[in-house]
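Structure record follows, encoded as structure tokens.
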Amino acid sequence: MVDAQAMDLREVQRQVDAALEDFLAEKARAAVGREYPPEVVQTVRDFLAAGGKRIRALLCVVGWHAAGGDGEATSALRVAASLELFVAFALIHDDIMDDSVSRRGRPAVHRVMRARLGEDERAERLGAGGALLVGNLALMWAQELLHTARLEPGRQRLVHGLNDAMLEEVMYGQYLDVMGTGCGADDVEAALRIIRCKTATATIERPLQLGAAVAGAGEATMDVFTRLGVPLGEAFQLRDDLLDVFGSPDGACAPGLSDLREGKRTVLLALGLQRADRVQRERLGHLVGRADLGEHEAAEARTILQDTGAREHTERMIADRYERVLQVLDGAGFPQAADRALRGLAVTATQYTS
């Protein structure tokens, strides 16, 4: 049950985690019975257990309640759990493409797979392939959870249509990110387009809409969640980009090297290049995108991004989007508990530090 008066998000997260564990426990039993490699399910379990805010799952259940859902929430929880498996798929694949060393403080899945192969000269390639397949299974299991959510017949088509749209948007966003189609390093709008496809819709808008669809919401509610979800999703990614480069003031997140080494086309970097003078622009061009970038050089890049005002402007963009979210909520007329939960999640999405 989800309490219509309180909406205890910690309890919602516990219920989502329980739904995930029940599903994966059944997969583990099936793997034993069919003599499948048991480490595949365990790898997904370990990935999910490593952390994550479950923000998409929480938004799904809050969206369900905001659209009139109350009482028995089994279907909404199952759809919410499917989102977490989808996220596992997306992040495992993202780490392969970026050749990331770690995720959530643990070795990335492709690095775990590589380590299992020991001194095999093919370990790098086979480890990436193994992680790719684990990610594929996570996506297939996400779809299975969705297909077995026991949705009311009239709502099933809308739920599956929204989920299909989310998958397509993320794939196009990832493609734009990897291939850089039509995207100069100083193109802020192109960087925002990647955010909207790859992150904003899948993190905020679609989870809210999926929960609302389970509750039988109409077009007006879906529109509200678009107007709320897009700016909040953008703010969420802008905050993530700042944290990766600068860390957090409270020290909970240390400054990182990954975005700078990858030359990731972020709004932060685009703003820095736009605002840089000739010398600063040349230095950023020399520093960013170097796989061997060290901490000393990264500190120089951070200084340029600070001095050009790129960091401050990104903070203003986050604040502006947060205000737009509050304006949407002020006029939405959602039940009090859902409104309170959405305002709290908006703070989480824009001000988190780790």
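Going by the structure tokens order, chains are called A, B, ..., each with residues numbered from 1, while ligands are numbered from 1 in the order shown.
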Contact check, stretch 132-237 of chain A to stretch 343-348 of chain A, at most 10 Å, counting only C-alpha atoms, closest pairs as JSON lines:
{"residue": "A:Ile204", "atom": "CA", "partner": "A:Ala346", "partner_atom": "CA", "distance": 9.7}
{"residue": "A:Leu228", "atom": "CA", "partner": "A:Ala346", "partner_atom": "CA", "distance": 9.6}
{"residue": "A:Gly229", "atom": "CA", "partner": "A:Ala346", "partner_atom": "CA", "distance": 9.7}
{"residue": "A:Leu232", "atom": "CA", "partner": "A:Ala346", "partner_atom": "CA", "distance": 6.9}
{"residue": "A:Gly233", "atom": "CA", "partner": "A:Ala346", "partner_atom": "CA", "distance": 9.4}
{"residue": "A:Ala235", "atom": "CA", "partner": "A:Ala346", "partner_atom": "CA", "distance": 9.3}
{"residue": "A:Phe236", "atom": "CA", "partner": "A:Thr348", "partner_atom": "CA", "distance": 8.7}
Could the residues in this selection be saved with C-alpha atoms as a compact mmCIF listing (two decimals), in the first residue's frame?
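The resulting file, selection.txt, is reproduced below:
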# COMPACT_ATOMS: atom_id res chain seq x y z
CA ILE A 204 12.06 12.66 -14.94
CA LEU A 228 7.76 19.74 -15.20
CA GLY A 229 9.98 16.88 -16.32
CA LEU A 232 13.95 19.22 -13.98
CA GLY A 233 15.72 16.56 -16.04
CA ALA A 235 18.79 20.58 -14.13
CA PHE A 236 19.58 17.08 -12.88
Practice problem: Find the residues near A:Gln306: any atom within 12 Å, counting only C-alpha atoms, skip ones fewer than 4 places away on the same chain, and give them as a ChimeraX atom specification. | Solution: /A:242,245-246,268-269,271-273,275-276,280,299-302,310-315
Quiz item: Just how far from atom CA of A:Pro255 is atom CA of A:Asp241, in Å to one decimal?
Solution: 10.6 Å
Quiz prompt | Computed interatomic separation between atom CA of A:Arg239 and atom CA of A:Lys264 (Å) | solution = 14.6 Å
Quiz prompt | Nearby residues (only C-alpha atoms) at most 9 Å from A:Ala57, same-chain spacing under 4 positions excluded, as a PyMOL selection string | solution = chain A and resi 12-13+16+53+61-62+77+79-84+207-208
Take the residues that were just selected and, keeping N, CA and C atoms, output them as a CSV table (one decimal), in the first residue's frame.
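Written out: out.csv:
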chain,number,residue,atom,x,y,z
A,12,VAL,N,8.6,3.6,-0.1
A,12,VAL,CA,8.4,3.3,-1.6
A,12,VAL,C,9.7,2.7,-2.1
A,13,GLN,N,10.8,3.3,-1.8
A,13,GLN,CA,12.1,2.7,-2.3
A,13,GLN,C,12.3,1.3,-1.8
A,16,VAL,N,10.2,-0.9,-3.9
A,16,VAL,CA,10.7,-1.1,-5.2
A,16,VAL,C,11.9,-2.1,-5.1
A,53,LYS,N,20.0,6.6,-6.5
A,53,LYS,CA,18.9,7.2,-5.7
A,53,LYS,C,17.5,6.7,-6.0
A,61,VAL,N,6.2,6.1,-9.0
A,61,VAL,CA,5.2,5.9,-8.0
A,61,VAL,C,4.5,7.2,-7.6
A,62,VAL,N,5.3,8.3,-7.5
A,62,VAL,CA,4.7,9.6,-7.2
A,62,VAL,C,3.8,10.0,-8.4
A,77,LEU,N,4.5,-0.3,-8.7
A,77,LEU,CA,5.8,-0.7,-8.2
A,77,LEU,C,6.6,-1.5,-9.2
A,79,VAL,N,6.2,-1.5,-12.5
A,79,VAL,CA,6.7,-0.6,-13.6
A,79,VAL,C,7.9,0.2,-13.1
A,80,ALA,N,7.8,0.7,-11.8
A,80,ALA,CA,8.9,1.4,-11.2
A,80,ALA,C,10.2,0.6,-11.2
A,81,ALA,N,10.1,-0.7,-10.8
A,81,ALA,CA,11.2,-1.6,-10.7
A,81,ALA,C,11.8,-1.8,-12.1
A,82,SER,N,10.9,-1.9,-13.1
A,82,SER,CA,11.5,-2.1,-14.5
A,82,SER,C,12.4,-0.9,-14.9
A,83,LEU,N,12.0,0.3,-14.4
A,83,LEU,CA,12.9,1.5,-14.7
A,83,LEU,C,14.3,1.3,-14.2
A,84,GLU,N,14.4,0.7,-13.0
A,84,GLU,CA,15.7,0.6,-12.4
A,84,GLU,C,16.6,-0.5,-13.2
A,207,PRO,N,9.3,8.6,-16.4
A,207,PRO,CA,8.9,7.9,-15.2
A,207,PRO,C,7.6,8.5,-14.6
A,208,LEU,N,7.5,9.8,-14.6
A,208,LEU,CA,6.3,10.4,-14.1
A,208,LEU,C,5.1,10.0,-14.9
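Distances from A:Gln237, A:Tyr36, A:Arg196, A:Asp277 to A:Asp307 were compared using only C-alpha atoms, and the smallest one belongs to A:Asp277.
With only C-alpha atoms as the atoms that count, the minimum distance from A:Glu169 to the choices A:Glu152, A:Asp187, A:Ala200, A:Ala18 is reached by A:Ala200.
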Surrounding residues of A:Asp339 excluding itself and chain neighbours under 5 positions, 10 Å, only C-alpha atoms, as a PDB file with N, CA, C and O atoms, in the first residue's frame:
ATOM      1  N   VAL A  62       5.275   8.295  -7.532  1.00  0.00           N
ATOM      2  CA  VAL A  62       4.680   9.604  -7.229  1.00  0.00           C
ATOM      3  C   VAL A  62       3.766  10.043  -8.373  1.00  0.00           C
ATOM      4  O   VAL A  62       2.687  10.599  -8.143  1.00  0.00           O
ATOM      5  N   GLY A  63       4.180   9.789  -9.622  1.00  0.00           N
ATOM      6  CA  GLY A  63       3.328  10.119 -10.759  1.00  0.00           C
ATOM      7  C   GLY A  63       2.028   9.353 -10.734  1.00  0.00           C
ATOM      8  O   GLY A  63       0.961   9.883 -11.074  1.00  0.00           O
ATOM      9  N   HIS A  65       0.495   8.303  -8.024  1.00  0.00           N
ATOM     10  CA  HIS A  65      -0.356   8.888  -6.988  1.00  0.00           C
ATOM     11  C   HIS A  65      -0.885  10.253  -7.411  1.00  0.00           C
ATOM     12  O   HIS A  65      -2.055  10.575  -7.176  1.00  0.00           O
ATOM     13  N   ALA A  66      -0.026  11.070  -8.053  1.00  0.00           N
ATOM     14  CA  ALA A  66      -0.452  12.404  -8.486  1.00  0.00           C
ATOM     15  C   ALA A  66      -1.610  12.327  -9.465  1.00  0.00           C
ATOM     16  O   ALA A  66      -2.460  13.228  -9.515  1.00  0.00           O
ATOM     17  N   LEU A 329       4.355  23.236 -10.579  1.00  0.00           N
ATOM     18  CA  LEU A 329       3.717  22.583  -9.430  1.00  0.00           C
ATOM     19  C   LEU A 329       2.686  23.494  -8.772  1.00  0.00           C
ATOM     20  O   LEU A 329       1.637  23.022  -8.319  1.00  0.00           O
ATOM     21  N   ASP A 330       2.970  24.788  -8.730  1.00  0.00           N
ATOM     22  CA  ASP A 330       2.021  25.727  -8.108  1.00  0.00           C
ATOM     23  C   ASP A 330       0.671  25.702  -8.805  1.00  0.00           C
ATOM     24  O   ASP A 330      -0.370  25.919  -8.169  1.00  0.00           O
ATOM     25  N   ALA A 332      -0.466  23.016 -10.690  1.00  0.00           N
ATOM     26  CA  ALA A 332      -0.857  21.668 -11.104  1.00  0.00           C
ATOM     27  C   ALA A 332      -2.050  21.119 -10.327  1.00  0.00           C
ATOM     28  O   ALA A 332      -2.838  20.327 -10.864  1.00  0.00           O
ATOM     29  N   GLY A 333      -2.197  21.498  -9.084  1.00  0.00           N
ATOM     30  CA  GLY A 333      -3.317  21.007  -8.280  1.00  0.00           C
ATOM     31  C   GLY A 333      -3.241  19.536  -7.929  1.00  0.00           C
ATOM     32  O   GLY A 333      -4.274  18.866  -7.801  1.00  0.00           O
ATOM     33  N   PHE A 334      -2.035  19.001  -7.751  1.00  0.00           N
ATOM     34  CA  PHE A 334      -1.876  17.600  -7.378  1.00  0.00           C
ATOM     35  C   PHE A 334      -2.277  17.399  -5.915  1.00  0.00           C
ATOM     36  O   PHE A 334      -2.271  18.347  -5.122  1.00  0.00           O
ATOM     37  N   GLY A 344      10.029  17.752  -2.948  1.00  0.00           N
ATOM     38  CA  GLY A 344      11.212  17.182  -2.321  1.00  0.00           C
ATOM     39  C   GLY A 344      12.136  16.534  -3.337  1.00  0.00           C
ATOM     40  O   GLY A 344      13.364  16.688  -3.271  1.00  0.00           O
ATOM     41  N   LEU A 345      11.566  15.828  -4.296  1.00  0.00           N
ATOM     42  CA  LEU A 345      12.374  15.184  -5.337  1.00  0.00           C
ATOM     43  C   LEU A 345      13.007  16.225  -6.262  1.00  0.00           C
ATOM     44  O   LEU A 345      14.107  15.999  -6.784  1.00  0.00           O
TER      45      LEU A 345
END
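Using only C-alpha atoms, the protein and nucleic acid residues lying no more than 7 Å from A:Val134, apart from those fewer than 4 places from it along its own chain, are Val40, Gly130 and Ala138 of chain A.
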Selected residues, N, CA and C atoms, written as a PDB file, in the first residue's frame, please.
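File produced: selection-v9.pdb:
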ATOM      1  N   VAL A  40      25.727 -14.047 -13.816  1.00  0.00           N
ATOM      2  CA  VAL A  40      25.063 -12.986 -14.569  1.00  0.00           C
ATOM      3  C   VAL A  40      24.032 -12.277 -13.702  1.00  0.00           C
ATOM      4  N   GLY A 130      31.207  -9.349 -22.582  1.00  0.00           N
ATOM      5  CA  GLY A 130      30.422  -9.935 -21.497  1.00  0.00           C
ATOM      6  C   GLY A 130      29.542  -8.910 -20.811  1.00  0.00           C
ATOM      7  N   ALA A 138      19.722  -7.113 -18.679  1.00  0.00           N
ATOM      8  CA  ALA A 138      19.034  -6.170 -17.789  1.00  0.00           C
ATOM      9  C   ALA A 138      17.902  -5.469 -18.525  1.00  0.00           C
TER      10      ALA A 138
END
Quiz item: DSSP says alpha helix (DSSP H) for which residues of stretch 37-222 of chain A? Put them as number ranges by chain?
Solution: A: 39-49, 55-66, 74-98, 109-116, 123-147, 153-179, 188-195, 206-214, 219-222
